[in-house]
>>> print(open('target_24.csv').read())   # CSV, C-alpha atoms
chain,number,residue,atom,x,y,z
A,1,MET,CA,25.9,-8.1,4.4
A,2,SER,CA,25.6,-4.9,6.5
A,3,LYS,CA,25.0,-2.6,3.6
A,4,ILE,CA,22.9,-3.0,0.4
A,5,ASN,CA,22.5,-0.4,-2.3
A,6,LEU,CA,19.5,-0.8,-4.5
A,7,SER,CA,18.8,1.3,-7.6
A,8,ILE,CA,15.1,2.2,-8.0
A,9,ARG,CA,14.6,2.4,-11.7
A,10,THR,CA,11.4,0.5,-12.2
A,11,GLU,CA,8.4,-0.2,-10.0
A,12,SER,CA,9.4,-3.8,-9.4
A,13,ASP,CA,12.6,-2.4,-7.7
A,14,ILE,CA,10.3,-1.1,-5.0
A,15,SER,CA,9.2,-4.7,-4.1
A,16,GLU,CA,12.9,-5.7,-4.0
A,17,ALA,CA,13.7,-2.9,-1.6
A,18,VAL,CA,10.8,-4.1,0.6
A,19,ARG,CA,11.9,-7.7,0.6
A,20,GLN,CA,15.6,-6.9,1.3
A,21,SER,CA,14.8,-4.4,4.0
A,22,ARG,CA,12.5,-6.8,5.8
A,23,ALA,CA,15.1,-9.6,5.5
A,24,MET,CA,17.9,-7.4,6.8
A,25,ALA,CA,15.8,-6.1,9.7
A,26,GLY,CA,15.2,-9.7,10.7
A,27,ARG,CA,18.9,-10.6,10.5
A,28,LEU,CA,19.8,-7.6,12.6
A,29,GLY,CA,17.5,-8.9,15.4
A,30,PHE,CA,14.5,-6.6,15.0
A,31,SER,CA,11.1,-7.9,16.2
A,32,THR,CA,8.7,-9.1,13.5
A,33,THR,CA,6.6,-6.0,14.1
A,34,SER,CA,9.6,-3.6,13.7
A,35,ALA,CA,10.8,-5.5,10.7
A,36,TYR,CA,7.4,-4.9,9.0
A,37,TYR,CA,7.5,-1.3,10.0
A,38,ILE,CA,10.9,-0.9,8.4
A,39,ALA,CA,9.8,-2.7,5.3
A,40,THR,CA,6.7,-0.5,5.1
A,41,ALA,CA,8.9,2.6,5.5
A,42,ALA,CA,11.2,1.3,2.8
A,43,SER,CA,8.2,0.7,0.5
A,44,GLU,CA,7.1,4.3,1.1
A,45,LEU,CA,10.6,5.8,0.5
A,46,ALA,CA,11.3,3.7,-2.6
A,47,ALA,CA,7.9,4.5,-4.0
A,48,ASN,CA,8.6,8.2,-3.4
A,49,LEU,CA,11.8,7.9,-5.4
A,50,TRP,CA,9.9,6.3,-8.3
A,51,ILE,CA,6.9,8.6,-8.2
A,52,HIS,CA,8.4,11.9,-7.4
A,53,ALA,CA,12.0,11.8,-8.4
A,54,GLY,CA,12.1,9.6,-11.5
A,55,GLY,CA,14.3,7.1,-9.7
A,56,GLY,CA,17.1,7.1,-7.3
A,57,VAL,CA,19.1,4.9,-4.9
A,58,ILE,CA,18.0,3.4,-1.6
A,59,THR,CA,20.7,2.1,0.8
A,60,LEU,CA,19.9,-0.3,3.6
A,61,GLN,CA,22.5,-0.3,6.3
A,62,ARG,CA,23.3,-1.7,9.7
A,63,LEU,CA,24.0,0.9,12.3
A,64,ASP,CA,26.7,-0.1,14.8
A,65,GLY,CA,27.0,1.2,18.3
A,66,LYS,CA,23.6,0.9,20.0
A,67,GLY,CA,22.5,-1.1,17.0
A,68,GLY,CA,19.9,-0.3,14.5
A,69,MET,CA,19.1,0.0,10.8
A,70,GLU,CA,19.2,3.0,8.5
A,71,LEU,CA,17.4,3.5,5.2
A,72,THR,CA,18.9,6.2,3.0
A,73,THR,CA,17.5,7.5,-0.3
A,74,ILE,CA,19.3,9.8,-2.6
A,75,ASP,CA,17.8,11.2,-5.8
A,76,HIS,CA,18.3,14.1,-8.2
A,77,GLY,CA,14.7,14.8,-8.8
A,78,PRO,CA,12.8,18.1,-8.2
A,79,GLY,CA,13.4,17.9,-4.5
A,80,ILE,CA,11.2,18.9,-1.6
A,81,ALA,CA,10.7,22.7,-1.5
A,82,ASP,CA,9.0,22.8,1.9
A,83,ILE,CA,10.2,20.0,4.2
A,84,ASP,CA,8.0,21.0,7.1
A,85,ARG,CA,4.9,20.9,4.9
A,86,ALA,CA,6.0,17.5,3.5
A,87,LEU,CA,5.9,16.2,7.0
A,88,GLU,CA,2.4,17.5,7.7
A,89,ASP,CA,-0.4,14.9,7.7
A,90,GLY,CA,-2.6,15.3,4.7
A,91,PHE,CA,-0.2,17.2,2.5
A,92,SER,CA,0.4,15.7,-0.9
A,93,THR,CA,1.7,17.0,-4.2
A,94,ALA,CA,1.1,13.9,-6.3
A,95,ASN,CA,-2.4,12.9,-5.3
A,96,GLY,CA,-1.3,10.5,-2.6
A,97,LEU,CA,-2.9,10.0,0.7
A,98,GLY,CA,-0.6,12.6,2.1
A,99,CYS,CA,0.8,10.4,4.8
A,100,GLY,CA,3.9,9.0,3.2
A,101,LEU,CA,6.7,10.9,4.9
A,102,PRO,CA,4.8,11.5,8.2
A,103,GLY,CA,4.0,7.8,8.1
A,104,VAL,CA,7.7,7.0,7.7
A,105,LYS,CA,8.5,9.3,10.6
A,106,ARG,CA,6.1,7.4,12.8
A,107,LEU,CA,7.2,4.0,11.7
A,108,MET,CA,10.9,4.8,12.2
A,109,ASP,CA,12.7,6.5,15.2
A,110,GLU,CA,14.5,9.3,13.4
A,111,LEU,CA,14.0,11.0,10.0
A,112,ASP,CA,16.4,13.5,8.5
A,113,ILE,CA,15.7,15.2,5.2
A,114,ALA,CA,18.1,17.3,3.3
A,115,SER,CA,16.9,18.7,0.0
A,116,PHE,CA,18.4,21.0,-2.5
A,117,PRO,CA,15.6,21.3,-5.0
A,118,GLY,CA,16.6,20.4,-8.5
A,119,VAL,CA,20.0,19.2,-7.3
A,120,ARG,CA,19.9,16.5,-4.7
A,121,THR,CA,17.6,15.1,-2.0
A,122,GLU,CA,18.8,12.8,0.7
A,123,ILE,CA,16.5,11.2,3.2
A,124,LYS,CA,17.7,9.1,6.2
A,125,ALA,CA,15.4,7.1,8.3
A,126,ARG,CA,16.7,5.2,11.3
A,127,LYS,CA,15.3,2.7,13.7
A,128,TRP,CA,17.1,1.5,16.8
A,129,LEU,CA,17.0,-2.0,18.1
B,1,MET,CA,0.7,-8.8,-13.8
B,2,LYS,CA,-3.0,-9.1,-14.4
B,3,VAL,CA,-5.3,-9.5,-11.3
B,4,PRO,CA,-7.8,-12.2,-12.0
B,5,ILE,CA,-11.4,-11.3,-11.4
B,6,ILE,CA,-13.7,-14.2,-10.7
B,7,ARG,CA,-17.5,-14.0,-10.9
B,8,LEU,CA,-19.6,-15.9,-8.4
B,9,GLY,CA,-23.3,-15.1,-8.9
B,10,LYS,CA,-23.8,-11.4,-8.4
B,11,VAL,CA,-20.5,-11.0,-6.6
B,12,LEU,CA,-17.0,-10.6,-8.0
B,13,LEU,CA,-14.0,-12.0,-6.2
B,14,VAL,CA,-10.6,-10.5,-6.5
B,15,SER,CA,-7.4,-11.6,-4.8
B,16,ILE,CA,-4.5,-9.2,-4.8
B,17,GLN,CA,-1.4,-11.4,-4.6
B,18,VAL,CA,1.5,-9.1,-5.3
B,19,ASP,CA,2.2,-5.4,-4.8
B,20,LEU,CA,0.6,-3.7,-7.7
B,21,THR,CA,2.8,-1.3,-9.7
B,22,ASP,CA,1.1,1.9,-10.7
B,23,ALA,CA,0.4,0.6,-14.2
B,24,ALA,CA,-0.9,-2.7,-12.9
B,25,ALA,CA,-3.1,-0.9,-10.4
B,26,LEU,CA,-4.7,1.3,-13.1
B,27,GLN,CA,-5.2,-1.8,-15.3
B,28,PHE,CA,-6.8,-3.7,-12.4
B,29,GLN,CA,-9.1,-0.8,-11.5
B,30,GLN,CA,-10.2,-0.5,-15.2
B,31,ASP,CA,-10.7,-4.3,-15.5
B,32,LEU,CA,-12.7,-4.3,-12.3
B,33,ILE,CA,-15.0,-1.5,-13.2
B,34,ASN,CA,-15.6,-3.0,-16.6
B,35,ARG,CA,-16.5,-6.3,-15.1
B,36,ILE,CA,-18.8,-4.7,-12.5
B,37,SER,CA,-20.7,-2.8,-15.2
B,38,GLU,CA,-20.7,-5.9,-17.6
B,39,THR,CA,-22.1,-8.2,-14.9
B,40,GLU,CA,-24.0,-5.6,-12.9
B,41,ALA,CA,-22.3,-7.1,-9.9
B,42,LEU,CA,-23.9,-6.0,-6.6
B,43,GLY,CA,-20.8,-6.8,-4.5
B,44,VAL,CA,-17.0,-7.1,-4.7
B,45,ALA,CA,-14.8,-9.0,-2.3
B,46,ILE,CA,-11.2,-7.9,-2.4
B,47,ASP,CA,-8.9,-10.3,-0.6
B,48,ILE,CA,-5.4,-9.1,0.4
B,49,THR,CA,-4.3,-12.0,2.5
B,50,SER,CA,-1.1,-12.3,0.4
B,51,LEU,CA,0.0,-8.7,0.9
B,52,ASP,CA,2.3,-8.5,3.9
B,53,VAL,CA,3.4,-4.9,3.3
B,54,VAL,CA,0.9,-2.2,2.4
B,55,ASP,CA,2.3,1.3,2.1
B,56,SER,CA,0.2,4.4,1.6
B,57,TYR,CA,0.3,4.0,-2.2
B,58,MET,CA,-1.1,0.5,-2.0
B,59,ALA,CA,-3.7,1.6,0.5
B,60,ARG,CA,-4.7,4.4,-1.9
B,61,VAL,CA,-5.1,2.0,-4.7
B,62,ILE,CA,-7.4,-0.2,-2.5
B,63,ASN,CA,-9.4,2.8,-1.3
B,64,ASP,CA,-9.8,4.3,-4.8
B,65,THR,CA,-10.8,0.9,-6.2
B,66,ALA,CA,-13.5,0.6,-3.5
B,67,SER,CA,-14.8,4.1,-4.2
B,68,MET,CA,-15.0,3.4,-8.0
B,69,ALA,CA,-16.9,0.1,-7.3
B,70,ARG,CA,-19.3,1.9,-5.0
B,71,LEU,CA,-20.0,4.6,-7.5
B,72,LEU,CA,-21.1,1.9,-9.9
B,73,GLY,CA,-23.4,0.5,-7.3
B,74,ALA,CA,-21.4,-2.4,-5.9
B,75,GLU,CA,-20.8,-3.0,-2.2
B,76,VAL,CA,-17.1,-3.6,-1.3
B,77,VAL,CA,-15.6,-5.7,1.4
B,78,ILE,CA,-11.9,-6.2,2.0
B,79,SER,CA,-10.7,-9.5,3.6
B,80,GLY,CA,-7.5,-10.8,5.0
B,81,VAL,CA,-5.7,-7.7,6.3
B,82,GLN,CA,-2.6,-9.2,7.9
B,83,PRO,CA,-1.9,-8.3,11.5
B,84,PHE,CA,1.4,-6.6,10.7
B,85,VAL,CA,-0.3,-4.6,7.9
B,86,ALA,CA,-2.9,-3.4,10.3
B,87,LEU,CA,-0.2,-2.4,12.8
B,88,ALA,CA,1.8,-0.5,10.2
B,89,LEU,CA,-1.2,1.2,8.7
B,90,VAL,CA,-2.4,2.4,12.1
B,91,GLU,CA,1.1,3.5,13.1
B,92,MET,CA,1.4,5.5,9.9
B,93,GLY,CA,-1.4,7.5,11.4
B,94,ARG,CA,-4.4,7.7,9.3
B,95,GLU,CA,-7.3,5.5,8.4
B,96,LEU,CA,-5.8,4.2,5.3
B,97,ILE,CA,-8.3,1.5,4.6
B,98,ASN,CA,-11.7,3.2,4.6
B,99,VAL,CA,-13.7,0.1,3.6
B,100,ASP,CA,-15.4,-2.7,5.6
B,101,CYS,CA,-12.9,-5.3,6.5
B,102,VAL,CA,-13.4,-8.9,7.6
B,103,PHE,CA,-11.0,-11.8,8.4
B,104,ASN,CA,-11.5,-14.0,5.4
B,105,LEU,CA,-13.1,-14.5,2.1
B,106,GLU,CA,-15.9,-16.6,3.5
B,107,GLN,CA,-16.9,-13.8,5.9
B,108,ALA,CA,-16.6,-11.3,3.0
B,109,LEU,CA,-19.2,-13.2,1.0
B,110,LYS,CA,-21.5,-13.5,4.0
B,111,LYS,CA,-21.1,-9.8,4.7
B,112,LEU,CA,-21.8,-8.9,1.1
B,113,GLU,CA,-24.8,-11.1,1.1
B,114,VAL,CA,-26.3,-9.4,4.1
B,115,THR,CA,-25.4,-5.9,2.9
B,116,ILE,CA,-26.9,-6.6,-0.5
B,117,ALA,CA,-30.0,-8.1,1.0
B,118,ALA,CA,-30.4,-5.0,3.2
B,119,ARG,CA,-30.3,-2.8,0.1
B,120,GLY,CA,-33.4,-4.6,-1.2
B,121,ASP,CA,-32.3,-4.7,-4.8
B,122,ARG,CA,-31.2,-8.3,-4.8
B,123,GLY,CA,-33.2,-9.2,-7.9
B,124,MET,CA,-32.4,-6.1,-9.9
B,125,GLY,CA,-29.5,-7.6,-11.9
B,126,ARG,CA,-29.7,-9.6,-15.1
B,127,ASP,CA,-30.0,-12.8,-13.1
B,128,SER,CA,-30.6,-13.4,-9.5
B,129,TYR,CA,-28.0,-13.4,-6.8
B,130,GLU,CA,-26.7,-16.9,-6.2
B,131,GLY,CA,-23.8,-16.2,-3.8
>>> encode(input="target_24.csv", output="structure tokens")
Amino acid sequence: MSKINLSIRTESDISEAVRQSRAMAGRLGFSTTSAYYIATAASELAANLWIHAGGGVITLQRLDGKGGMELTTIDHGPGIADIDRALEDGFSTANGLGCGLPGVKRLMDELDIASFPGVRTEIKARKWL
Amino acid sequence: MKVPIIRLGKVLLVSIQVDLTDAAALQFQQDLINRISETEALGVAIDITSLDVVDSYMARVINDTASMARLLGAEVVISGVQPFVALALVEMGRELINVDCVFNLEQALKKLEVTIAARGDRGMGRDSYEG
């Protein structure tokens, strides 16, 4: 399977996303360390969907070409008003540690965020083999 | 899922086996502070050997729990941080686990014993420390 869609509706869906992303990263040939990084990033992103957006969908996908894996989340929650700020260390709107998204950025190779507050937010995080 | 809290003398042992959901984390924190105040525990060992992915939320739960326990007067030690958890937490960029850490539960108990002895209030609880 090179693409898995997971709906994050309850908190236990987060653990499922973690398990699936780690398994997929392993299958795609990532090192154990990278597979855990990807799983941690997936945990962070899926938790964000649940905590900030009231649910959403996370897609785990193989990237062809130079080879890699992409995590995509799509939600229709309040959105991210200030993306630059959301990527700053220590910034948190929901009493977190303020290192969720900056953490994901460091764990993965690329992070793209497109947010139309109140309409749709899409986050893509990629890691190359 | 309820996290079992085991009493061993003046120390409480907790092993977190699965990712805690927000509700379960709150329940766990409440149970733990109740047990600490009931037993006047002087130390708490939290073992996270079974957690192989710890994100910033889980790290926050662990940190917050440790802070609550400390406010009540109990020392806290975390044991069993997995190598990949340590790598990912450091890579994420901040000191996510702001608590004393040791390799295993045995060392956690030793460390608690020493820390509690150094506090000099070993005999203050309802019964003496047996750990």
>>> interface_residues(input="target_24.csv", of="chain A", to="chain B", cutoff="6 Å", atoms="only C-alpha atoms", output="PyMOL selection string")
chain A and resi 11+37+40+44+103+106
>>> residues_around(input="target_24.csv", residues="Gly73 of chain B", least_positions_apart="2", cutoff="9 Å", atoms="only C-alpha atoms", output="count of residues only")
11
>>> closest_residue(input="target_24.csv", among="A:Gly100, A:Gly54, A:Gly68, A:Gly79", to="Trp128 of chain A", atoms="only C-alpha atoms")
A:Gly68
>>> atom_distance(input="target_24.csv", atom1="atom CA of Lys111 of chain B", atom2="atom CA of Gln30 of chain B")
24.5 Å
>>> residues_around(input="target_24.csv", residues="Ser15 of chain A", least_positions_apart="2", cutoff="10 Å", atoms="all atoms listed in the file", output="MDAnalysis selection string")
(chainID A and resid 8 10:13 17:21 39 42:43 46:47) or (chainID B and resid 18:21 53)
>>> atom_distance(input="target_24.csv", atom1="atom CA of Lys110 of chain B", atom2="atom CA of Lys2 of chain B")
26.5 Å
>>> closest_residue(input="target_24.csv", among="A:Lys124, A:Arg85, A:Arg27, A:Arg22", to="Val57 of chain A", atoms="all atoms listed in the file")
A:Lys124
>>> atom_distance(input="target_24.csv", atom1="atom CA of Arg119 of chain B", atom2="atom CA of Phe28 of chain B")
26.6 Å
>>> decode(input="target_24.csv", residues="segment 2-74 of chain B", atoms="C-alpha atoms", output="PDB file, in the first residue's frame")
ATOM      1  CA  LYS B   2      -6.604   3.385  33.706  1.00  0.00           C
ATOM      2  CA  VAL B   3      -2.938   3.586  34.622  1.00  0.00           C
ATOM      3  CA  PRO B   4      -2.277   1.352  37.646  1.00  0.00           C
ATOM      4  CA  ILE B   5      -0.483   3.037  40.530  1.00  0.00           C
ATOM      5  CA  ILE B   6       1.383   0.637  42.810  1.00  0.00           C
ATOM      6  CA  ARG B   7       2.542   1.533  46.285  1.00  0.00           C
ATOM      7  CA  LEU B   8       5.875   0.261  47.525  1.00  0.00           C
ATOM      8  CA  GLY B   9       6.631   1.648  50.973  1.00  0.00           C
ATOM      9  CA  LYS B  10       6.756   5.421  50.639  1.00  0.00           C
ATOM     10  CA  VAL B  11       7.193   5.298  46.912  1.00  0.00           C
ATOM     11  CA  LEU B  12       4.580   4.979  44.167  1.00  0.00           C
ATOM     12  CA  LEU B  13       5.323   3.076  40.984  1.00  0.00           C
ATOM     13  CA  VAL B  14       3.620   3.919  37.735  1.00  0.00           C
ATOM     14  CA  SER B  15       4.188   2.312  34.368  1.00  0.00           C
ATOM     15  CA  ILE B  16       2.735   4.118  31.375  1.00  0.00           C
ATOM     16  CA  GLN B  17       2.117   1.383  28.819  1.00  0.00           C
ATOM     17  CA  VAL B  18       0.142   3.090  26.086  1.00  0.00           C
ATOM     18  CA  ASP B  19      -0.182   6.570  24.684  1.00  0.00           C
ATOM     19  CA  LEU B  20      -2.543   8.377  26.992  1.00  0.00           C
ATOM     20  CA  THR B  21      -5.420  10.202  25.427  1.00  0.00           C
ATOM     21  CA  ASP B  22      -6.177  13.638  26.875  1.00  0.00           C
ATOM     22  CA  ALA B  23      -8.994  12.269  29.024  1.00  0.00           C
ATOM     23  CA  ALA B  24      -6.891   9.347  30.218  1.00  0.00           C
ATOM     24  CA  ALA B  25      -3.982  11.676  30.985  1.00  0.00           C
ATOM     25  CA  LEU B  26      -6.196  13.896  33.145  1.00  0.00           C
ATOM     26  CA  GLN B  27      -7.605  10.848  34.907  1.00  0.00           C
ATOM     27  CA  PHE B  28      -4.092   9.532  35.501  1.00  0.00           C
ATOM     28  CA  GLN B  29      -2.848  12.858  36.886  1.00  0.00           C
ATOM     29  CA  GLN B  30      -5.844  13.073  39.201  1.00  0.00           C
ATOM     30  CA  ASP B  31      -5.452   9.466  40.387  1.00  0.00           C
ATOM     31  CA  LEU B  32      -1.766   9.995  40.982  1.00  0.00           C
ATOM     32  CA  ILE B  33      -2.075  13.190  43.013  1.00  0.00           C
ATOM     33  CA  ASN B  34      -4.868  11.596  45.047  1.00  0.00           C
ATOM     34  CA  ARG B  35      -2.696   8.573  45.776  1.00  0.00           C
ATOM     35  CA  ILE B  36       0.276  10.780  46.638  1.00  0.00           C
ATOM     36  CA  SER B  37      -1.712  12.799  49.128  1.00  0.00           C
ATOM     37  CA  GLU B  38      -3.468   9.710  50.553  1.00  0.00           C
ATOM     38  CA  THR B  39      -0.241   7.821  51.105  1.00  0.00           C
ATOM     39  CA  GLU B  40       1.980  10.857  51.668  1.00  0.00           C
ATOM     40  CA  ALA B  41       4.350   9.241  49.234  1.00  0.00           C
ATOM     41  CA  LEU B  42       7.782  10.800  49.227  1.00  0.00           C
ATOM     42  CA  GLY B  43       8.649   9.645  45.721  1.00  0.00           C
ATOM     43  CA  VAL B  44       7.122   8.606  42.418  1.00  0.00           C
ATOM     44  CA  ALA B  45       8.814   6.498  39.762  1.00  0.00           C
ATOM     45  CA  ILE B  46       7.253   6.808  36.312  1.00  0.00           C
ATOM     46  CA  ASP B  47       8.371   4.121  33.896  1.00  0.00           C
ATOM     47  CA  ILE B  48       7.899   4.787  30.178  1.00  0.00           C
ATOM     48  CA  THR B  49       9.773   1.770  28.780  1.00  0.00           C
ATOM     49  CA  SER B  50       6.700   0.770  26.773  1.00  0.00           C
ATOM     50  CA  LEU B  51       6.333   4.128  25.035  1.00  0.00           C
ATOM     51  CA  ASP B  52       8.190   4.105  21.750  1.00  0.00           C
ATOM     52  CA  VAL B  53       6.768   7.331  20.394  1.00  0.00           C
ATOM     53  CA  VAL B  54       6.514  10.387  22.633  1.00  0.00           C
ATOM     54  CA  ASP B  55       5.278  13.562  20.977  1.00  0.00           C
ATOM     55  CA  SER B  56       5.170  17.008  22.538  1.00  0.00           C
ATOM     56  CA  TYR B  57       1.713  16.348  24.025  1.00  0.00           C
ATOM     57  CA  MET B  58       2.810  13.186  25.775  1.00  0.00           C
ATOM     58  CA  ALA B  59       5.963  14.947  26.948  1.00  0.00           C
ATOM     59  CA  ARG B  60       3.757  17.720  28.343  1.00  0.00           C
ATOM     60  CA  VAL B  61       1.623  15.197  30.206  1.00  0.00           C
ATOM     61  CA  ILE B  62       4.735  13.666  31.766  1.00  0.00           C
ATOM     62  CA  ASN B  63       6.195  17.066  32.678  1.00  0.00           C
ATOM     63  CA  ASP B  64       2.929  18.345  34.122  1.00  0.00           C
ATOM     64  CA  THR B  65       2.439  15.176  36.136  1.00  0.00           C
ATOM     65  CA  ALA B  66       5.933  15.489  37.557  1.00  0.00           C
ATOM     66  CA  SER B  67       5.314  19.147  38.476  1.00  0.00           C
ATOM     67  CA  MET B  68       2.073  18.266  40.262  1.00  0.00           C
ATOM     68  CA  ALA B  69       3.751  15.491  42.205  1.00  0.00           C
ATOM     69  CA  ARG B  70       6.579  17.810  43.205  1.00  0.00           C
ATOM     70  CA  LEU B  71       4.150  20.465  44.394  1.00  0.00           C
ATOM     71  CA  LEU B  72       2.690  17.900  46.760  1.00  0.00           C
ATOM     72  CA  GLY B  73       6.137  17.102  48.066  1.00  0.00           C
ATOM     73  CA  ALA B  74       7.063  13.921  46.204  1.00  0.00           C
TER      74      ALA B  74
END
